[in-house]
Each structure stands twice: as structure tokens, then as C-alpha cells.
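Colleague: Before I ask anything, here is the structure I am working with.
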Amino acid sequence: MDTDATADQAANALRDQLDQLLVTARRVAESLDLETVLSAIVDDATTLLGADSGDILLWDRDRGVLRVVAVANFPPGMLGFEMPFGEGVSSRAIIDQQAIEVGDYATYEHRVRALDRYTFGSVLCAPLLFRGHAIGAINVHARGRRLHFPAGSTDLLAAFAGHAAIAIDHARRYENEVKLGRDLADTNRALTRLLTVQRRLAEHVLLDEGPGGIAAVLADDLGRAVVIQDHLRRPIAGAAPGGGDGWRQLLGESAREASGSPREPFTVSVRIGREVAGHLLLSSDDDLGPIDRALVDAATTGVALAFAKVHAALEVEERLRGEAVADLLSGTYPNEDAIAARAARLGYDLHEPRDLVVIDVAGDVRTAPATGPHEHQRQSLDVTRERLAIRAPRSLAVLHAGSIVVLAGASHPNELDLRDLAEDLQAAIAGVAGAGETTVAISGRCRRPDDHAPAYQLARDAIELMVKLGRQGAVIAVSELGPYGLLLHASSREDLEAYARRTLRPLIEHDRRHGTELLATLRAFLEEDRGRRRTAARCFVHVNTVVYRVRRIEELLGVDLGDPSVVFDVTLALRVLDLLGA
């Protein structure tokens, strides 16, 4: 009878174990809450094995630690406890990939000393194995003097470890699927946003709302200040989230410091083909994500399209303007009304008085390339227009026959100081063409269309004369040449210089030796039409001094300044010295 009772008890215990394992298996299959499932597994294992406490640890391979993720009959503070991998019975079970029982944990050589306060007796540990790889371990502990677990406990704990490994795999799969679903949803939202913004940008381009509309769309969507600049980095549009002028903080280091944003803005070049047509600036408080970068690329393309449309319109206008000016300067137009009407369609009134200025960049206007203007000539034209916009905004500037032709206009005919304007333009162009490379000729005032062709020809002749005389880089007014220009134009520089020095050498040498001012007095005397009193006032001397100096000049030159032919010869010699810069 005693033997039968013992067998019945063993059978009942085995049945209870199987029933508990089935309950645990159903929990694993039905729940995706990893924390709940692992807590149930360690509770069931602890209860079924008659242990005092238990825990489950997971192996963090990247960090090299074991972390407690579920406990039974332990203080809550035990959750999250970490131990270096290699210490404790769990590390040995994972390395050996088999269950281990330690009879007396207090004397175990690999024990975790931080757990000595729990006075473990026997400890049974089984690794969590999934697809041949260990991912953690489950432990049950007997405290006090108890040093053994019942027979079959190792296999039973291994079964619980298998359930725990399956539960962990299910939970991780579910977590990955949830994360993948979230990522897909986020990606779909981002793509929808990208397509929406791209459509808005395309609409702004098609509706000709220009760079300003593109900047506003980008600023609102990115939540960043946006500035669009041209190729010379001049701002042409800007926008800030919600409106306002907060975008100005991107313009210059001082402005950024004043706004408390010292970081350099993101800068993207806007290209049309290989040419940089402008720049897109974005505030850089945060880095740009992939979708934001795609939006910036789309906006850059939109800005490039807008620039391309503007450039195309400008090129057409430039071509029409150039053709009209070419006809105007050559006189090849049917009549004044016809050319005036063409100019009016381009926004210029040829019936307004205009002063004609010709600017030759880097030499002879006759050497203009047949394939079009050089790059520095285009840059010089841009600089000329910039200065005219400030100095004489009613003016027109075009490239013609290798030179820059300016039709200078002002609100009032006498407002412009043409020589000052010409010298200003020359100095500005020197920044791109180099100093001494620009010759400027100021022609006469054009009051009607028919005045332009002869005025232009006179200016060209003056420039050619300056180049011929070695005075490239000068500013000359056609009126300064007078009838002498014809004679100067027909002679070589060497002949002219020899003539001038031969005619005036006695005066030049006398002034050099004695420190006198006979040459200056002669110039004033002739320019004042040989009036002695006017000459005296101009030279700030007594009239008797002028009489003495004139007599001395006639003696040194061996001439009579009362003779008109002598006056012409001497005047020509002085003019040559002036033009030669001597």
C-alpha cells in the first residue's frame, strides 16, 4: 500500500507540472506583453519547483552585461539590476548552454558578491536558448540551509526557460512589426508632406510668384528662416515662419549675433547648368533630416527655374535693347519716330536729353571678339549698371561693339557731373577689369535720336586716339579735343611728342632751371584769349608781371604771340602735352 501511495503522489506531481507548463505555454501564446509573460513564467517556475525566489536575466551583448528583467519574491529594486557578463551562475549556464545547479551559492567561486545579502543556498539556473543561441537565463533560489532541488528540477526549469525564450522572441517580433508599422506610417506622412510641398513649389513657379513665394513655402514647412540671394549674394527674397522679417538674421555676421543666432546658415548653391545663379540660405539651429533635405533640393530646383525664367526674360530684353541701341548708334533706322517708339517699348524715352559715354574695357574697341563679349566685360556691365542705379537711375547701359555705351539720364539736365560720374564708373570697373584697363570718353549731349550716331562716333574716335597716344586708362571729354582732335588723330605719338617738346622746350627747360612758371602763364594767357588782366587774375599776380612774363616767353621761343598762326602752333603743342600726360 505504501508503494502504491508513493507512486500516486509522483503521478499527481507530474500531472500538476504538466498542467502548469500548459498554462504557461498558453500565456506565452496569448500575450505579447513581455513584462507580464516573463513575470508569470518566473512565478510559475518558482512555485512549481518549491523555490524561495527566482529571476530572469537577458544578455546585452553590446554592453557585455546581464540585466534582470523579471523577478519572483524579490524586492522591486532588483528589476534592472546589472552584472558583468562572466560573473555568476547565469554567465556559466549561457557559456555552457546547459542547466547548472550550485549546491551552496555562498561558496561558489563565480558568485556575484553584490547578491551575498540574499543568503542563497542552492541555485538552479537554465539558459534561455532560441535557435541555438543563448539570449539570457532563468534562476530559482533556495535560501538558508537548503542545498538541493528535487530530482527532475533541472529539466523542468529548462522547459520554463524554453517558454521564456519563445515569449521573448514573440515579443521582439511584435515590437519590430510595430516599429516597422510606425516607420512606414512616418515615411508615408513624410512622403505625403514632400509631395504636397513640391506641388506647392511647382504652383508658385508656374504662377510666376517668383523666389519670394518659394521662400515663404519653404519657411512655413521647415519652420526655418529662408533667404534667397542672386549670384552676387544680394538678397532678392526672404521669409520667416509665420511671416515677419526674422529672415534678416541670416544676412551678415553682425545681424546673426544681434539676433542671438551665431551659427552660420546652411547655404545651397542654385545652379542653372554649370553656372551659379544664386544661393539659398537656411537658419541652422537644427540639422536637416532626409525629408527636409529633399524639400530643400526641390526648393532649389524651383528657385533655379524661377531664375531661369527671369534670365530668359532678361536675355530677350537685353537682346532687344542691344539691337535697338545698335541701330540708334549706327543711324540704321527708318526715322526718329520709329526708333523712339522701339526704345519706348523698352522703357526709355529718347526725347529726353541724354549724355553719351563710351567705356572701353581693356583696350581697343576694334578688337571686340566676334563670338561675344568676354566674361570681364559682362561683369563690367553689371558693375556699371549697379553704379548707375545709384548715381543716375534714369540711365541706360549696354554692350555694343566691345564697349559699354551709357546713355546717362537725370531728372534735370544739369544734375549730372559727367566727369565725376565717368571717373566713378571707371573706378568701379577697375574692381573686375583691373586698374588702368578702362578708357572712358564723354561725348556730347543727345537731345534727339539723330544726335546719338555722331556722338557715339566722336567718342569712339576719342578712345582710339587715347589708345594711340598711350593714354589707355584715361577719362577724356570729346569737347576737350576740339578741332585739334583731327590733327592728333592723323599723327603718330612719337611725331606729336617730338613736335610738342620741340615747340615748348625753351620754356620747359627755363622753368626747370629757374623754378619759374612761364609755361603755366603761357597756358593761361592763351586760354584767356591773350587778355593780360584776366591772365593776371587767374595766375594771382600783378598785370605788370604778366606783361614781363609774356615778353620773356616770346624771347625764349623766338615768336610773336600776336600772330594767329603762332598762337595755333603753341596751343596745339600744349594740347598734345595734355593728352600725352606730359
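Naming scheme: A, B, ... for chains in displayed order of the C-alpha cells; residues 1 onward per chain; ligands 1 onward as shown.
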If DSSP is run on the backbone, what residues of region 145-366 of chain A are strand (DSSP E or B)? A reply as a ChimeraX atom specification would be ideal.

Modeller: /A:226-230,235-239,266-272,275-282,354-361

Colleague: Excluding Leu38 (chain A) and any residue of its chain fewer than 4 positions from it, enumerate the residues within 8 Å of it, using only C-alpha atoms, and give them as a PyMOL selection string.

Modeller: chain A and resi 34+42+56+69-70+164+167

Colleague: Just checking: using only C-alpha atoms, which residue out of A:Asp155, A:Asp355, A:Glu275, A:Glu82 ends up closest to Asp417 (chain A)?

Modeller: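 Result for the nearest residue to Asp417 (chain A): A:Asp355.
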
Colleague: Contacts of His231 (chain A) at 8 Å or less, counting only C-alpha atoms, minus same-chain residues fewer than 6 places along, as an mmCIF file with N, CA, C and O atoms, in the first residue's frame?

Modeller:
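Saved the output as part-v8.cif:
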```cif
data_model
loop_
_atom_site.group_PDB
_atom_site.id
_atom_site.type_symbol
_atom_site.label_atom_id
_atom_site.label_comp_id
_atom_site.auth_asym_id
_atom_site.auth_seq_id
_atom_site.Cartn_x
_atom_site.Cartn_y
_atom_site.Cartn_z
ATOM 1 N N VAL A 276 26.480 79.231 -61.399
ATOM 2 C CA VAL A 276 25.835 79.528 -60.122
ATOM 3 C C VAL A 276 24.982 80.776 -60.311
ATOM 4 O O VAL A 276 25.491 81.872 -60.533
ATOM 5 N N ALA A 277 23.663 80.579 -60.232
ATOM 6 C CA ALA A 277 22.732 81.689 -60.462
ATOM 7 C C ALA A 277 22.319 82.367 -59.174
ATOM 8 O O ALA A 277 21.802 83.486 -59.190
ATOM 9 N N GLY A 278 22.541 81.705 -58.035
ATOM 10 C CA GLY A 278 22.141 82.303 -56.772
ATOM 11 C C GLY A 278 22.466 81.379 -55.616
ATOM 12 O O GLY A 278 23.167 80.366 -55.764
ATOM 13 N N HIS A 279 21.934 81.720 -54.445
ATOM 14 C CA HIS A 279 22.208 80.948 -53.230
ATOM 15 C C HIS A 279 20.945 80.901 -52.373
ATOM 16 O O HIS A 279 20.189 81.878 -52.302
#
```

Colleague: Looking only at the backbone, which of the residues in region 116-364 of chain A does DSSP tag as alpha helix (DSSP H), as a PyMOL selection string?

Modeller: chain A and resi 153-206+210-222+253-258+290-330+336-345

Colleague: Please identify all polymer residues within 7 Å of Glu101 (chain A), counting only C-alpha atoms, omitting same-chain residues fewer than 2 positions from it, and present them as a list in words.

Modeller: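 Result of the neighbour search: Ala99, Gly103, Val123, Leu124 and Cys125 of chain A.
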
Colleague: With only C-alpha atoms as the basis for distance, which of A:Asn335, A:Ser153, A:Thr384, A:Thr119 is at the shortest distance from Thr47 (chain A)?

Modeller: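 Nearest to Thr47 (chain A): A:Ser153.
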
Colleague: Applying 12 Å and only C-alpha atoms, which residues near region 207-222 of chain A remain after dropping the ones on its own chain fewer than 6 positions away? List them as an MDAnalysis selection string.

Modeller: chainID A and resid 190 193:194 196:201 228:230 235:247 270 278:289 291:310

Colleague: I'd like the interatomic distance between CA of Val547 (chain A) and CA of Arg502 (chain A), to a tenth of an Å.

Modeller: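 These two atoms are separated by 24.3 Å.
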
Colleague: When distances are computed from only C-alpha atoms, which of A:Gly273, A:Pro76, A:Gly152, A:Pro353 shows the smallest separation from Arg448 (chain A)?

Modeller: A:Pro353

Colleague: Tell me which protein, DNA and RNA residues are within 12 Å of region 425-438 of chain A, counting only C-alpha atoms, leaving out same-chain ones fewer than 4 positions away, and put them as a ChimeraX atom specification.

Modeller: /A:357-365,374-392,397,403-406,408,418-421,463,466-467,470-476

Colleague: Give me, please, the distance in Å between CA of Ala142 (chain A) and CA of Ile166 (chain A), quoted to one decimal.

Modeller: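 According to the coordinates, CA of Ala142 (chain A) and CA of Ile166 (chain A) are separated by 26.1 Å.
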
Colleague: Compare A:Pro454, A:Gly136, A:Gly80, A:Gly409 by their minimum atom-to-atom distance to Arg61 (chain A), counting only C-alpha atoms, and give me the closest one.

Modeller: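 Checking each candidate against Arg61 (chain A), we get A:Gly136 as the closest.
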
Colleague: Write out as a PDB file with C-alpha atoms, in the first residue's frame the residues lying within 10 Å of Asp43 (chain A), counting only C-alpha atoms and excluding same-chain residues fewer than 2 positions away.

Modeller:
```
ATOM      1  CA  VAL A  37       4.685  36.973 -19.569  1.00  0.00           C
ATOM      2  CA  LEU A  38       8.197  36.827 -18.098  1.00  0.00           C
ATOM      3  CA  SER A  39       6.910  37.665 -14.617  1.00  0.00           C
ATOM      4  CA  ALA A  40       4.355  34.838 -14.908  1.00  0.00           C
ATOM      5  CA  ILE A  41       6.995  32.387 -16.108  1.00  0.00           C
ATOM      6  CA  ALA A  45       8.842  28.176 -12.087  1.00  0.00           C
ATOM      7  CA  THR A  46       9.493  29.353  -8.538  1.00  0.00           C
ATOM      8  CA  THR A  47       6.223  27.931  -7.278  1.00  0.00           C
ATOM      9  CA  LEU A  48       6.389  24.647  -9.142  1.00  0.00           C
ATOM     10  CA  ALA A  51      11.956  27.684  -4.613  1.00  0.00           C
ATOM     11  CA  SER A  53      12.738  33.258  -5.219  1.00  0.00           C
ATOM     12  CA  GLY A  54      13.599  33.495  -8.897  1.00  0.00           C
ATOM     13  CA  ASP A  55      14.661  35.816 -11.663  1.00  0.00           C
ATOM     14  CA  ALA A  70      11.651  39.697 -14.202  1.00  0.00           C
ATOM     15  CA  VAL A  71      11.670  38.542 -10.532  1.00  0.00           C
ATOM     16  CA  ALA A  72       9.656  36.422  -8.117  1.00  0.00           C
ATOM     17  CA  ASN A  73       9.755  37.064  -4.367  1.00  0.00           C
ATOM     18  CA  VAL A 140      15.444  29.827  -8.938  1.00  0.00           C
TER      19      VAL A 140
END
```

Colleague: Considering only C-alpha atoms, can you say which of A:Leu574, A:Leu356, A:Ala159, A:Ala134 comes closest to Ala441 (chain A)?

Modeller: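 Checking each of A:Leu574, A:Leu356, A:Ala159, A:Ala134 against Ala441 (chain A), counting only C-alpha atoms, the winner is A:Leu356.
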